[in-house]
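Visitor: Pasting in a structure now, in structure tokens, and then I'll have a few things to ask.
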2 protein chains.
Amino acid sequence: MRLIGTIYSPFTEKDQTPIQVSRSQAIGQVEILPEFVDGLKDIEELSHIHLLYIFHKSSGYALHVKPFLDDREHGIFATRYPCRPNQIGISTVRLVSRQGNTLIIKGVDVLDGTPLLDIKPYVPDFDHRTEDVRVGWYETRSKK
Amino acid sequence: MRLIGTIYSPFTEKDQTPIQVSRSQAIGQVEILPEFVDGLKDIEELSHIHLLYIFHKSSGYALHVKPFLDDREHGIFATRYPCRPNQIGISTVRLVSRQGNTLIIKGVDVLDGTPLLDIKPYVPDFDHRTEDVRVGWYETRSKK
């Protein structure tokens with residue numbers, strides 16, 4: 001795994017950081033390393049992007065965790081809790097604009113200085129499910 | 001990064017493998033390594049899960065690529081093409097059932113034997129965007 005850039009956000013402390021993009025209106029910046037900037041071609045055409053990044057301030061993991069949004073324990077793979085066997089996070093954010101190697105994003109929910117691994121286009125035809133969706137313990141917990 | 005399990009699918013050749021979950025009705029299995037099975041607690045409550053995995057049959061990358069669904073070049077980060085600086089894929093699949101350390105999934109779009117890095121719950125409140133979505137070059141290409 002190699003760093004392709006860094007996500008900058010207004011959040012320097014974990015307990016100030018929004019739980020999930022849907023709870024954030026914050027503006028952030030994604031700075032891409034010079035050697036990867038050519039990979040951004042045509043990204044301006046997209047309204048939303050998936051960011052894949054490292055939860056760099058989390059260490060270790062447990063298989064049962066009490067997530068931020070619940071007071072009961074769940075298996076780590078039934079939660080989005082950051083302390084995971086592989087500490088990779090995903091956030092789907094609005095791409096506001098691009099200025100050279102910098103993307104201005106809205107709805108950032110990560111700590112300032114988060115190491116970026118990948119950017120992928122958000123494509124509802126691929127990413128969105130409507131048929132018989134059940135979200136388990138999130139049912140009453142995922143709302144804003 | 002550590003392996004947490006393996007994704008099994010009917011697809012042993014790249015050119016037989018569906019482009020994206022939305023083009024697949026195929027059934028697959030996710031086998032979780034014994035040391036991570038406790039992390040599956042409550043996963044049965046979820047109808048859909050995100051799988052994060054390694055594109056293990058892809059090597060190298062270019063910053064401009066001609067993706068499967070288009071005949072023009074785009075920046076790698078404006079595509080879901082597998083040969084990327086970090087060869088991590090995401091697929092959002094239906095969780096049909098769990099049997100011990102094995103998850104039966106529907107809509108698998110990866111090669112047989114794909115190394116699994118993480119499972120996360122699919123939660124529309126976090127993952128779904130409806131407001132002013134633009135998908136750029138995918139506009140006419142992402143339909144089934």
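Residue numbers start at 1 in each chain; chains themselves are named A, B, ... in the order of the structure tokens; ligands are numbered from 1 in the order shown.
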Kindly determine which residues of chain A lie within 7 Å of chain B, considering only C-alpha atoms, and give the answer as a PyMOL selection string.
Guide: chain A and resi 1-2+20-22+36+38-43+45-48+63-64+74-80+86+92+117-121+123+125-128+133-136+142-143
Visitor: Enumerate as a VMD selection string all residues of range 73-143 of chain B assigned to helix (DSSP H, G or I) by DSSP on the backbone, naming them with the chain letters and numbers the document uses.
Guide: chain B and resid 76 to 78 124 to 127 136 to 138
Visitor: Can I get the selection written as a PDB file, in the first residue's frame, with C-alpha atoms?
Guide:
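Contents of out01.pdb, freshly written:
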```
ATOM      1  CA  ILE B  76      -7.442   6.163 -13.140  1.00  0.00           C
ATOM      2  CA  PHE B  77      -9.193   7.938 -10.219  1.00  0.00           C
ATOM      3  CA  ALA B  78     -12.175   8.777 -12.471  1.00  0.00           C
ATOM      4  CA  PRO B 124     -27.950   3.936   2.830  1.00  0.00           C
ATOM      5  CA  ASP B 125     -28.008   6.850   5.290  1.00  0.00           C
ATOM      6  CA  PHE B 126     -24.206   6.910   5.086  1.00  0.00           C
ATOM      7  CA  ASP B 127     -23.538   5.600   1.590  1.00  0.00           C
ATOM      8  CA  GLY B 136     -19.377  12.099 -15.896  1.00  0.00           C
ATOM      9  CA  TRP B 137     -18.342   9.625 -18.587  1.00  0.00           C
ATOM     10  CA  TYR B 138     -20.336   6.854 -16.857  1.00  0.00           C
TER      11      TYR B 138
END
```
Visitor: Once DSSP has gone over the backbone, tell me which residues of chain B are in strand (DSSP E), as a PyMOL selection string.
Guide: chain B and resi 5-8+27-32+48-54+64-65+74-75+88-99+102-106+114-121
Visitor: Calculate how many Å separate CA of Ile7 in chain B from CA of Val108 in chain B, rounding to one decimal.
Guide: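 Pair CA of Ile7 in chain B / CA of Val108 in chain B returns 8.8 Å.
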Visitor: Could you check how far CA of Arg98 in chain B sits from CA of Gly5 in chain B, in Å to one decimal?
Guide: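 Result for CA of Arg98 in chain B versus CA of Gly5 in chain B: 14.3 Å, one decimal.
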Visitor: Which residues are close to Ile104 in chain B, i.e. within 7 Å by only C-alpha atoms, leaving aside same-chain residues fewer than 3 positions away? Reply as a list in words.
Guide: Gly28, Gln29, Val30, Leu95, Val96, Ser97 and Arg98 of chain B
